[in-house]
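Pasting upload-v8.txt here (compact mmCIF, C-alpha atoms):
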# COMPACT_ATOMS: atom_id res chain seq x y z
CA MET A 1 -53.89 8.14 2.67
CA SER A 2 -50.11 8.13 2.96
CA SER A 3 -47.62 7.62 0.20
CA HIS A 4 -44.19 6.00 0.40
CA ARG A 5 -41.26 7.05 -1.67
CA ARG A 6 -38.76 4.49 -2.65
CA HIS A 7 -35.17 5.62 -2.82
CA ALA A 8 -32.76 3.70 -5.00
CA ARG A 9 -29.94 2.26 -2.94
CA SER A 10 -26.44 3.23 -3.90
CA PRO A 11 -24.36 0.23 -4.81
CA ALA A 12 -21.74 -0.77 -2.27
CA VAL A 13 -18.34 0.80 -2.89
CA THR A 14 -15.72 -1.84 -3.54
CA PRO A 15 -11.93 -1.47 -3.35
CA LEU A 16 -11.83 -1.61 -7.13
CA ASP A 17 -14.25 1.34 -7.36
CA GLN A 18 -11.81 3.39 -5.28
CA VAL A 19 -9.15 3.05 -7.95
CA HIS A 20 -11.47 3.34 -10.97
CA ALA A 21 -9.52 6.34 -12.21
CA LEU A 22 -6.43 4.20 -12.70
CA ASP A 23 -5.88 2.45 -15.98
CA ASP A 24 -5.50 -1.32 -16.11
CA GLU A 25 -1.70 -1.28 -15.87
CA ASP A 26 -1.72 1.00 -12.83
CA LEU A 27 -4.41 -1.11 -11.19
CA LEU A 28 -2.45 -4.31 -11.75
CA GLY A 29 0.64 -2.66 -10.28
CA GLU A 30 -1.29 -1.59 -7.18
CA ILE A 31 -2.54 -5.16 -6.70
CA LEU A 32 0.90 -6.74 -7.12
CA LEU A 33 2.43 -4.25 -4.69
CA ARG A 34 0.24 -5.87 -2.02
CA LEU A 35 1.74 -9.32 -2.42
CA PRO A 36 3.55 -10.54 0.73
CA PRO A 37 7.28 -9.66 0.88
CA ASP A 38 8.38 -13.31 0.60
CA PRO A 39 11.25 -13.97 -1.84
CA SER A 40 9.04 -16.30 -3.92
CA SER A 41 6.11 -13.85 -4.31
CA LEU A 42 7.23 -11.93 -7.37
CA PRO A 43 8.90 -14.90 -9.13
CA ARG A 44 5.58 -16.74 -8.86
CA ALA A 45 3.71 -13.69 -10.16
CA SER A 46 6.14 -13.37 -13.06
CA ALA A 47 5.28 -16.93 -14.14
CA VAL A 48 1.61 -16.04 -14.72
CA CYS A 49 2.08 -14.29 -18.07
CA LYS A 50 4.37 -12.02 -20.05
CA ARG A 51 2.52 -8.88 -18.92
CA TRP A 52 2.98 -9.69 -15.25
CA ARG A 53 6.61 -10.65 -15.82
CA CYS A 54 7.40 -7.33 -17.48
CA LEU A 55 5.76 -5.40 -14.66
CA VAL A 56 7.42 -7.13 -11.70
CA SER A 57 10.81 -7.11 -13.47
CA ASP A 58 10.77 -3.32 -13.68
CA ARG A 59 13.29 -1.73 -11.28
CA ALA A 60 10.94 1.15 -10.47
CA PHE A 61 8.24 -1.33 -9.43
CA PHE A 62 10.68 -3.25 -7.24
CA ARG A 63 11.80 -0.03 -5.50
CA ARG A 64 8.15 0.69 -4.70
CA PHE A 65 7.66 -2.90 -3.53
CA ARG A 66 10.65 -2.70 -1.16
CA LEU A 67 9.57 0.70 0.16
CA ARG A 68 6.02 -0.53 0.86
CA HIS A 69 7.27 -3.51 2.89
CA ARG A 70 10.24 -1.89 4.62
CA ARG A 71 8.51 -2.06 8.02
CA ASN A 72 7.84 -5.81 7.86
CA PRO A 73 10.71 -7.37 5.92
CA PRO A 74 11.47 -11.08 6.37
CA ILE A 75 14.73 -12.24 7.94
CA LEU A 76 16.42 -13.62 4.83
CA GLY A 77 19.39 -14.91 6.83
CA PHE A 78 22.52 -13.53 8.42
CA PHE A 79 26.15 -12.72 7.71
CA ASP A 80 28.70 -14.45 9.95
CA ARG A 81 31.22 -11.83 11.07
CA PHE A 82 33.96 -14.32 11.92
CA ASN A 83 33.45 -16.70 8.99
CA ALA A 84 34.45 -14.53 6.02
CA LEU A 85 31.04 -12.81 6.15
CA SER A 86 29.44 -15.91 4.68
CA PHE A 87 25.67 -15.69 4.25
CA LEU A 88 23.48 -18.35 5.88
CA PRO A 89 19.77 -18.39 4.88
CA THR A 90 17.08 -18.89 7.52
CA LEU A 91 13.89 -19.30 5.46
CA GLU A 92 12.44 -22.56 4.20
CA ALA A 93 11.65 -23.42 0.56
CA PRO A 94 10.30 -21.85 -1.59
CA ASN A 95 11.60 -18.68 0.07
CA ARG A 96 15.06 -19.94 0.94
CA VAL A 97 17.69 -17.72 -0.68
CA PRO A 98 20.62 -19.66 -2.17
CA PRO A 99 23.57 -19.31 0.27
CA GLY A 100 25.91 -17.95 -2.39
CA ARG A 101 23.47 -15.31 -3.65
CA PHE A 102 24.76 -12.58 -1.29
CA SER A 103 28.51 -12.81 -1.59
CA LEU A 104 30.89 -9.96 -0.85
CA GLU A 105 34.16 -10.40 -2.71
CA HIS A 106 37.06 -9.93 -0.32
CA GLY A 107 40.17 -8.15 -1.54
CA ASP A 108 42.94 -6.01 -0.11
CA GLU A 109 40.33 -3.51 1.02
CA PHE A 110 39.21 -5.96 3.72
CA ASP A 111 42.67 -6.15 5.27
CA ARG A 112 42.03 -4.84 8.81
CA SER A 113 38.29 -4.29 8.54
CA MET A 114 35.30 -4.60 10.84
CA SER A 115 31.71 -5.41 9.81
CA LEU A 116 29.23 -3.14 11.60
CA GLY A 117 25.84 -4.60 10.74
CA CYS A 118 22.82 -4.40 8.42
CA ARG A 119 19.72 -2.25 8.23
CA HIS A 120 17.11 -1.44 5.57
CA GLY A 121 18.71 -3.84 3.10
CA LEU A 122 22.21 -2.33 3.43
CA PHE A 123 25.43 -3.72 4.93
CA LEU A 124 28.07 -1.51 6.62
CA ALA A 125 31.77 -2.18 7.18
CA PHE A 126 34.64 -0.01 8.47
CA LEU A 127 37.81 -0.38 6.37
CA LEU A 128 40.60 0.60 8.75
CA LYS A 129 43.43 0.33 6.26
CA ARG A 130 41.69 2.64 3.78
CA HIS A 131 40.12 4.82 6.48
CA GLN A 132 36.75 4.39 4.76
CA VAL A 133 33.34 2.92 5.38
CA LEU A 134 31.77 0.59 2.85
CA VAL A 135 28.01 0.66 2.25
CA TRP A 136 26.97 -2.43 0.26
CA ASP A 137 23.56 -3.37 -1.08
CA PRO A 138 23.68 -7.21 -1.23
CA ILE A 139 20.59 -7.34 -3.46
CA THR A 140 21.72 -4.95 -6.20
CA GLY A 141 25.46 -5.38 -5.64
CA ASP A 142 25.99 -1.61 -5.40
CA LYS A 143 28.98 -0.47 -3.30
CA ASN A 144 29.78 2.96 -1.89
CA HIS A 145 33.23 3.73 -0.43
CA ILE A 146 33.17 6.80 1.82
CA ALA A 147 36.18 8.45 3.45
CA VAL A 148 35.59 9.10 7.16
CA PRO A 149 36.42 12.26 9.16
CA ALA A 150 39.91 12.51 10.65
CA ALA A 151 38.46 12.57 14.18
CA PHE A 152 37.62 8.87 13.78
CA ALA A 153 41.19 7.75 13.11
CA THR A 154 41.86 4.78 15.40
CA GLU A 155 45.05 6.30 16.84
CA LYS A 156 42.85 9.01 18.38
CA THR A 157 40.28 6.66 19.86
CA HIS A 158 39.83 3.79 22.30
CA GLY A 159 39.22 0.62 20.36
CA LEU A 160 37.47 0.36 17.02
CA VAL A 161 34.98 2.78 15.51
CA ASN A 162 31.39 1.55 15.47
CA GLY A 163 28.55 2.74 13.30
CA ALA A 164 25.20 2.13 11.67
CA VAL A 165 23.54 2.56 8.29
CA ARG A 166 19.91 3.43 7.57
CA ARG A 167 17.55 4.63 4.87
CA PRO A 168 15.45 7.60 6.03
CA ALA A 169 11.75 6.83 5.56
CA GLY A 170 10.40 7.77 2.16
CA GLU A 171 13.75 8.75 0.67
CA GLY A 172 14.15 5.86 -1.78
CA GLN A 173 17.76 4.98 -2.47
CA HIS A 174 19.31 7.64 -0.24
CA PHE A 175 21.04 6.46 2.93
CA GLN A 176 22.79 7.77 6.02
CA VAL A 177 25.83 6.47 7.88
CA VAL A 178 26.32 7.26 11.56
CA LEU A 179 29.74 6.71 13.16
CA ALA A 180 30.25 6.56 16.94
CA VAL A 181 33.45 6.22 18.96
CA ALA A 182 35.02 7.01 22.33
CA ASP A 183 38.13 9.20 22.01
CA ASN A 184 41.11 9.70 24.31
CA LYS A 185 39.48 12.66 26.06
CA GLN A 186 36.80 10.69 27.92
CA GLN A 187 34.07 11.65 25.49
CA ALA A 188 31.94 10.02 22.81
CA LEU A 189 31.87 11.36 19.27
CA ALA A 190 29.28 10.88 16.53
CA CYS A 191 28.92 12.12 12.97
CA VAL A 192 26.35 11.59 10.18
CA TYR A 193 26.99 11.14 6.46
CA SER A 194 24.20 11.71 3.90
CA SER A 195 24.37 10.15 0.45
CA GLN A 196 22.00 12.88 -0.73
CA THR A 197 24.58 15.62 -0.10
CA GLY A 198 27.73 13.48 -0.22
CA LEU A 199 28.93 15.22 2.95
CA TRP A 200 29.55 14.48 6.64
CA GLY A 201 27.78 16.68 9.17
CA ASN A 202 29.21 18.31 12.28
CA ILE A 203 30.93 16.15 14.89
CA ILE A 204 28.79 15.83 18.03
CA SER A 205 30.24 14.95 21.44
CA THR A 206 29.18 14.13 24.99
CA PRO A 207 31.15 13.30 28.19
CA LEU A 208 31.44 9.64 29.16
CA PRO A 209 31.26 8.08 32.64
CA SER A 210 34.49 7.39 34.51
CA ASP A 211 36.40 4.14 34.13
CA ASP A 212 35.01 1.14 35.96
CA ASP A 213 36.79 -0.60 38.84
CA ASP A 214 39.01 -2.56 36.41
CA GLY A 215 40.39 0.63 34.92
CA ILE A 216 38.96 -0.14 31.48
CA PRO A 217 38.28 3.12 29.59
CA PRO A 218 34.75 3.53 28.21
CA MET A 219 34.49 2.25 24.63
CA VAL A 220 31.67 1.89 22.12
CA TYR A 221 31.09 -1.87 22.10
CA THR A 222 31.46 -3.83 18.85
CA ASP A 223 27.87 -5.16 18.87
CA ASP A 224 25.50 -3.91 16.16
CA ALA A 225 23.63 -0.70 16.89
CA VAL A 226 19.90 -0.97 17.55
CA MET A 227 17.47 1.63 16.24
CA ALA A 228 14.45 2.34 18.42
CA GLY A 229 12.20 5.29 17.68
CA ASP A 230 14.32 8.13 16.30
CA SER A 231 17.54 7.03 18.05
CA LEU A 232 20.44 4.64 17.58
CA TYR A 233 21.89 2.85 20.60
CA TRP A 234 25.23 1.17 21.35
CA GLN A 235 26.49 -0.54 24.47
CA LEU A 236 29.39 1.14 26.23
CA ALA A 237 32.09 -1.30 27.30
CA GLY A 238 33.86 -0.45 30.54
CA THR A 239 30.62 1.03 31.98
CA SER A 240 27.10 -0.06 32.79
CA ALA A 241 25.60 2.39 30.32
CA ILE A 242 24.32 2.86 26.77
CA LEU A 243 25.21 5.52 24.22
CA GLU A 244 22.19 7.16 22.55
CA PHE A 245 22.30 9.18 19.34
CA ASP A 246 19.07 11.06 18.58
CA LEU A 247 18.82 11.41 14.80
CA VAL A 248 16.19 14.17 14.97
CA LYS A 249 17.84 16.32 17.64
CA GLN A 250 21.34 15.42 16.45
CA SER A 251 22.44 14.87 20.04
CA LEU A 252 24.38 12.31 22.08
CA ALA A 253 23.49 11.13 25.57
CA VAL A 254 24.46 8.39 28.03
CA VAL A 255 21.67 6.17 29.37
CA GLU A 256 22.25 4.21 32.57
CA VAL A 257 21.47 0.47 32.60
CA PRO A 258 18.97 -0.52 35.33
CA MET A 259 20.45 -3.84 36.44
CA ASP A 260 23.68 -5.49 37.48
CA THR A 261 25.21 -7.16 34.43
CA SER A 262 28.43 -8.28 36.04
CA GLY A 263 29.32 -11.96 36.12
CA GLU A 264 30.28 -14.47 33.48
CA ASP A 265 26.84 -16.08 33.55
CA LYS A 266 25.04 -12.98 32.21
CA SER A 267 24.85 -11.41 28.77
CA LEU A 268 23.13 -8.18 27.83
CA LYS A 269 21.74 -7.02 24.49
CA ILE A 270 20.03 -3.77 23.50
CA MET A 271 16.70 -4.42 21.77
CA ARG A 272 13.49 -2.79 20.71
CA ALA A 273 10.86 -2.97 23.41
CA GLU A 274 7.21 -3.64 22.70
CA GLY A 275 5.80 -0.53 21.08
CA GLY A 276 9.13 0.39 19.47
CA GLY A 277 10.94 2.04 22.38
CA LEU A 278 14.29 1.20 23.96
CA GLY A 279 14.58 -2.17 25.64
CA LEU A 280 17.17 -4.53 27.08
CA LEU A 281 17.48 -8.30 27.01
CA LEU A 282 19.36 -9.85 29.94
CA VAL A 283 20.09 -13.57 29.57
CA SER A 284 21.24 -15.55 32.61
CA ASP A 285 22.96 -18.94 32.34
CA SER A 286 22.46 -19.83 35.99
CA ASP A 287 18.65 -20.08 35.81
CA SER A 288 18.18 -20.23 32.00
CA THR A 289 16.02 -17.10 31.93
CA ALA A 290 15.77 -14.01 29.76
CA GLN A 291 14.52 -10.73 31.21
CA LEU A 292 13.04 -8.09 28.92
CA TRP A 293 13.32 -4.55 30.27
CA LYS A 294 11.62 -1.46 28.84
CA ARG A 295 12.48 2.22 29.24
CA GLU A 296 9.51 4.57 29.51
CA THR A 297 9.10 8.32 29.96
CA ASN A 298 6.27 9.75 32.07
CA CYS A 299 4.28 12.92 31.42
CA ASP A 300 6.93 14.99 33.25
CA GLY A 301 9.65 13.75 30.94
CA VAL A 302 11.26 11.51 33.59
CA ALA A 303 12.59 8.22 32.19
CA SER A 304 12.64 4.97 34.15
CA TRP A 305 13.13 1.25 33.53
CA GLY A 306 10.65 -1.50 34.24
CA LEU A 307 10.75 -5.29 33.91
CA ALA A 308 8.32 -6.14 31.09
CA LYS A 309 8.66 -9.91 30.81
CA THR A 310 10.63 -12.91 32.06
CA ILE A 311 11.09 -15.87 29.72
CA GLU A 312 11.97 -19.31 31.09
CA LEU A 313 14.19 -20.45 28.24
CA ASP A 314 14.62 -23.99 29.56
CA LYS A 315 10.84 -24.52 29.36
CA LEU A 316 10.37 -22.62 26.10
CA LEU A 317 13.08 -24.61 24.30
CA SER A 318 12.37 -27.86 26.21
CA LEU A 319 15.94 -28.05 27.48
CA LYS A 320 16.78 -31.12 29.51
CA PRO A 321 18.72 -30.59 32.78
CA GLU A 322 21.96 -31.71 31.13
CA GLU A 323 21.33 -29.29 28.22
CA GLN A 324 21.00 -26.23 30.43
CA GLY A 325 23.95 -23.98 31.09
CA MET A 326 25.74 -21.59 28.76
CA LEU A 327 23.51 -19.29 26.68
CA VAL A 328 25.06 -16.86 24.20
CA ILE A 329 23.34 -14.04 22.31
CA LEU A 330 24.72 -14.14 18.75
CA GLY A 331 22.67 -11.39 17.14
CA PHE A 332 19.44 -9.41 17.12
CA ALA A 333 17.07 -8.66 14.21
CA GLU A 334 15.46 -5.39 15.24
CA GLU A 335 12.62 -5.14 12.68
CA ASN A 336 11.27 -8.57 13.66
CA ASN A 337 12.35 -8.39 17.32
CA VAL A 338 14.09 -11.75 16.98
CA VAL A 339 17.15 -12.86 18.93
CA PHE A 340 19.64 -15.48 17.75
CA LEU A 341 20.58 -17.56 20.78
CA TRP A 342 23.22 -20.28 21.11
CA THR A 343 22.52 -23.27 23.36
CA VAL A 344 24.23 -26.63 23.65
CA ILE A 345 21.51 -28.17 21.46
CA GLY A 346 21.85 -25.59 18.67
CA VAL A 347 21.26 -22.04 17.48
CA HIS A 348 17.67 -20.81 17.87
CA MET A 349 15.75 -17.86 16.47
CA ILE A 350 13.32 -16.60 19.13
CA ASN A 351 10.66 -13.96 18.51
CA LEU A 352 10.56 -11.96 21.72
CA ASP A 353 6.97 -10.82 21.12
CA SER A 354 5.24 -14.08 20.19
CA LEU A 355 7.84 -16.41 21.79
CA LYS A 356 7.74 -18.54 18.65
CA PHE A 357 11.11 -20.10 17.95
CA LYS A 358 12.95 -22.09 15.34
CA LYS A 359 16.06 -24.25 15.67
CA LEU A 360 18.50 -23.50 12.86
CA PHE A 361 21.47 -25.85 13.29
CA LYS A 362 23.93 -27.18 15.84
CA THR A 363 27.42 -25.74 16.13
CA ASN A 364 30.23 -25.39 18.63
CA HIS A 365 31.45 -22.23 16.93
CA PHE A 366 30.87 -18.95 18.81
CA THR A 367 30.56 -16.03 16.46
CA HIS A 368 28.58 -12.87 15.79
CA TYR A 369 25.65 -12.67 13.39
CA HIS A 370 24.49 -9.66 11.36
CA PRO A 371 20.81 -10.52 10.60
CA PHE A 372 19.79 -9.41 7.12
CA GLU A 373 16.18 -8.19 7.06
CA SER A 374 15.10 -7.08 3.62
CA VAL A 375 12.61 -7.47 0.80
CA TYR A 376 14.23 -9.65 -1.85
CA THR A 377 13.02 -11.26 -5.00
CA ALA A 378 15.37 -12.92 -7.44
CA ALA A 379 13.12 -12.00 -10.38
CA THR A 380 14.14 -8.35 -10.11
CA SER A 381 17.67 -8.69 -8.75
CA ALA A 382 20.74 -7.32 -10.49
CA GLY A 383 21.74 -10.88 -11.27
CA GLY A 384 19.31 -11.10 -14.17
CA GLY A 385 16.53 -13.12 -12.56
CA HIS A 386 18.02 -16.63 -12.87
CA ASP A 387 17.71 -17.17 -9.14
CA GLY A 388 13.94 -16.82 -9.46
CA ALA A 389 13.75 -20.20 -11.15
CA GLU A 390 15.91 -21.67 -8.41
CA LEU A 391 13.51 -20.39 -5.75
CA LEU A 392 10.53 -21.87 -7.58
CA LEU A 393 12.25 -25.19 -8.17
CA THR A 394 12.86 -25.57 -4.43
CA ALA A 395 9.14 -25.37 -3.69
Rewrite the structure from the file as structure tokens, please.
Amino acid sequence: MSSHRRHARSPAVTPLDQVHALDDEDLLGEILLRLPPDPSSLPRASAVCKRWRCLVSDRAFFRRFRLRHRRNPPILGFFDRFNALSFLPTLEAPNRVPPGRFSLEHGDEFDRSMSLGCRHGLFLAFLLKRHQVLVWDPITGDKNHIAVPAAFATEKTHGLVNGAVRRPAGEGQHFQVVLAVADNKQQALACVYSSQTGLWGNIISTPLPSDDDDGIPPMVYTDDAVMAGDSLYWQLAGTSAILEFDLVKQSLAVVEVPMDTSGEDKSLKIMRAEGGGLGLLLVSDSDSTAQLWKRETNCDGVASWGLAKTIELDKLLSLKPEEQGMLVILGFAEENNVVFLWTVIGVHMINLDSLKFKKLFKTNHFTHYHPFESVYTAATSAGGGHDGAELLLTA
């Protein structure tokens, strides 16, 4: 005669059981941190009750919220370089940020200045008259004026100094500024500033290719830098090459471009390739196509370029024959891999991964956009939270 033992089943472990050691306030905070990074998320949460409002209005909570979503921030809009850096929102209600919310007051400091782009919720400008860079947080309103090394004085360089700003992962409010320029000695220079130390690092240099057939000296192009992997990239005007600055190795290198980009009907833009590596976007007016190229390195460390994708823009955007022709790249949002493209029927945002697109507006004005990708919620902004009601009222 056999006997059977019954074993009590352990209850299934739920996500709440995993955080049982946390008290109620900590648990609520962990839940709210997982709300989507849409501008209306926290204002809506703050309307639930006083307890929720106090929690999401705390600056420490908002810093954690921004840090958690830094790899998938929405494109809130863009700053127009040639229109007084005006901010134009791109989201629909209830997430549409009021156009005047991010306004940079212009004074004498912006006499002879150049905007250099946005990254990680920060905006960077080079103030030539003051020989400084400005790092501005549009959400908090914080400004940092930083004197630049003498080697980057414009009288010692070809053209204007370019640069980029970034927040190193996991370092909260600290930021870095990287400047890049071509000097009069046929070489590129780069230097890194850390807000943590308040100091510039050593100046790094690398030789540049010879002048092209037109005799134009190599210059760091005025387009925004693109960050892919651990490196920042800029186009080099006067050559068919790209300047690479490796932030880990603290080294500069010149990367050759794989295709012919000559001709008025072609425009080239550095981008992030699928998987996060270096890519290129080549747009051709003549056949209304966009080619996506990707740079890969094999097991022997040899790098090469390959054509990853060809997009028929006329079919994607349903362009009629009379609407085909000039195509202009106005900007690139690297975190979302979205390009802003001008056509005769209007400005479009095109996601290069999904090929989803959105028409923004029609304009005959050619300009340059600095896409602003960041986590924003009016309920915890430096402005006191009054914009939160405006976001909710537009729902």
Would you mind listing what lies within 9 Å of Arg34 in chain A as JSON, numbers by chain, with only C-alpha atoms counted and same-chain residues fewer than 2 positions away left out? {"A": [29, 30, 31, 32, 36, 37, 65, 68, 69]}
So which residues touch Leu42 in chain A within 10 Å, counting all atoms listed in the file, skipping near sequence neighbours fewer than 2 positions away, as a list in words? Leu32, Leu33, Leu35, Pro36, Pro37, Asp38, Pro39, Ser40, Arg44, Ala45, Ser46, Ala47, Trp52, Arg53, Leu55, Val56, Ser57, Phe62, Phe65, Tyr376, Thr377, Ala378, Ala379, Thr380 and Gly388 of chain A
Could you give me, as a PyMOL selection string, the residues that have an atom at most 6 Å away from the point (33.0, 3.4, 24.4) in the coordinates of the file, using only C-alpha atoms? chain A and resi 182+218-220+236-237
Store the residues picked out above in a file with C-alpha atoms, as a PDB file, in the frame of the given file.
ATOM      1  CA  ALA A 182      35.020   7.010  22.330  1.00  0.00           C
ATOM      2  CA  PRO A 218      34.750   3.530  28.210  1.00  0.00           C
ATOM      3  CA  MET A 219      34.490   2.250  24.630  1.00  0.00           C
ATOM      4  CA  VAL A 220      31.670   1.890  22.120  1.00  0.00           C
ATOM      5  CA  LEU A 236      29.390   1.140  26.230  1.00  0.00           C
ATOM      6  CA  ALA A 237      32.090  -1.300  27.300  1.00  0.00           C
TER       7      ALA A 237
END
Separation of CA of Ser113 in chain A and CA of Leu160 in chain A, in Å?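 Straight-line distance from CA of Ser113 in chain A to CA of Leu160 in chain A works out to 9.7 Å.
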List every residue of range 165-237 of chain A that has an atom at most 9 Å from any atom of range 146-151 of chain A, giving for each one its closest atom pair and the distance in Å to one decimal, counting all atoms listed in the file, sorted by chain and then by ascending residue number, as JSON lines.
{"residue": "A:Leu179", "atom": "CA", "partner": "A:Val148", "partner_atom": "CA", "distance": 8.7}
{"residue": "A:Asp183", "atom": "CA", "partner": "A:Ala151", "partner_atom": "CA", "distance": 8.5}
{"residue": "A:Leu189", "atom": "CA", "partner": "A:Ala151", "partner_atom": "CA", "distance": 8.4}
{"residue": "A:Cys191", "atom": "CA", "partner": "A:Pro149", "partner_atom": "CA", "distance": 8.4}
{"residue": "A:Tyr193", "atom": "CA", "partner": "A:Ile146", "partner_atom": "CA", "distance": 8.9}
{"residue": "A:Gly198", "atom": "CA", "partner": "A:Ile146", "partner_atom": "CA", "distance": 8.9}
{"residue": "A:Trp200", "atom": "CA", "partner": "A:Pro149", "partner_atom": "CA", "distance": 7.6}
{"residue": "A:Ile203", "atom": "CA", "partner": "A:Ala151", "partner_atom": "CA", "distance": 8.4}
Which value, in Å to one decimal, gives the distance between CA of Val178 in chain A and CA of Gly163 in chain A?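 Separation of CA of Val178 in chain A and CA of Gly163 in chain A: 5.3 Å.
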12 Å contact set for Val248 in chain A, all atoms listed in the file, chain neighbours under 6 positions out, as a list of chain:residue names: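 So the residues in contact are A:Pro168, A:Val192, A:Gly229, A:Asp230, A:Ser231, A:Leu232.
Note that the spacing between CA of Ile270 in chain A and CA of Lys294 in chain A amounts to 10.2 Å.
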Near Val165 in chain A, within 9 Å and counting only C-alpha atoms, which residues show up once chain neighbours fewer than 4 positions away are dropped, as a PDB file with C-alpha atoms, in the frame of the given file?
ATOM      1  CA  LEU A 116      29.230  -3.140  11.600  1.00  0.00           C
ATOM      2  CA  GLY A 117      25.840  -4.600  10.740  1.00  0.00           C
ATOM      3  CA  CYS A 118      22.820  -4.400   8.420  1.00  0.00           C
ATOM      4  CA  ARG A 119      19.720  -2.250   8.230  1.00  0.00           C
ATOM      5  CA  HIS A 120      17.110  -1.440   5.570  1.00  0.00           C
ATOM      6  CA  LEU A 122      22.210  -2.330   3.430  1.00  0.00           C
ATOM      7  CA  PHE A 123      25.430  -3.720   4.930  1.00  0.00           C
ATOM      8  CA  LEU A 124      28.070  -1.510   6.620  1.00  0.00           C
ATOM      9  CA  VAL A 135      28.010   0.660   2.250  1.00  0.00           C
ATOM     10  CA  PHE A 175      21.040   6.460   2.930  1.00  0.00           C
ATOM     11  CA  GLN A 176      22.790   7.770   6.020  1.00  0.00           C
ATOM     12  CA  VAL A 177      25.830   6.470   7.880  1.00  0.00           C
ATOM     13  CA  VAL A 178      26.320   7.260  11.560  1.00  0.00           C
ATOM     14  CA  LEU A 179      29.740   6.710  13.160  1.00  0.00           C
TER      15      LEU A 179
END
Considering all atoms listed in the file, state which residue in the set A:Ile139, A:Ala60, A:Ala225, A:Leu27 is at the smallest distance from Ala333 in chain A.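 Among A:Ile139, A:Ala60, A:Ala225, A:Leu27, it is A:Ala225 that comes nearest to Ala333 in chain A.
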Which neighbours of Asp314 in chain A fall inside 8 Å, counting all atoms listed in the file, when residues of the same chain fewer than 2 positions from it are skipped, and could you give them as a PyMOL selection string? chain A and resi 288-289+312+316-320+324
For each of A:Tyr233, A:Phe102, A:Phe61, A:Tyr221, take the minimum atom-to-atom distance to Glu334 in chain A, counting all atoms listed in the file, then give the residue where this is smallest.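 When distances to Glu334 in chain A are compared using all atoms listed in the file, the smallest one comes from A:Tyr233.
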Hey, could you make a per-residue contact list for range 22-136 of chain A against range 345-365 of chain A with 12 Å as the cut-off, showing the nearest pair of atoms and its distance in Å to one decimal, counting all atoms listed in the file, sorted by chain and number, as a tab-separated table?
residue	atom	partner	partner_atom	distance
A:Ile75	CA	A:Met349	CA	10.3
A:Gly77	CA	A:Leu360	CA	10.5
A:Phe78	CA	A:Met349	CA	11.4
A:Asp80	CA	A:His365	CA	10.8
A:Arg81	CA	A:His365	CA	11.9
A:Phe82	CA	A:His365	CA	9.7
A:Asn83	CA	A:His365	CA	9.9
A:Leu88	CA	A:Leu360	CA	10.0
A:Pro89	CA	A:Leu360	CA	9.6
A:Thr90	CA	A:Leu360	CA	7.2
A:Leu91	CA	A:Leu360	CA	9.7
A:Glu92	CA	A:Leu360	CA	10.6
Which of A:Leu292, A:Leu128, A:Cys54, A:Leu327 sits closest to Trp342 in chain A [using all atoms listed in the file]: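 Comparing A:Leu292, A:Leu128, A:Cys54, A:Leu327 against Trp342 in chain A, the winner is A:Leu327.
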Measuring atom to atom with all atoms listed in the file, identify which of A:Gln196, A:Asp265, A:Asp287, A:Pro258 is nearest to Leu313 in chain A.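 Of A:Gln196, A:Asp265, A:Asp287, A:Pro258, the one nearest Leu313 in chain A, counting all atoms listed in the file, is A:Asp287.
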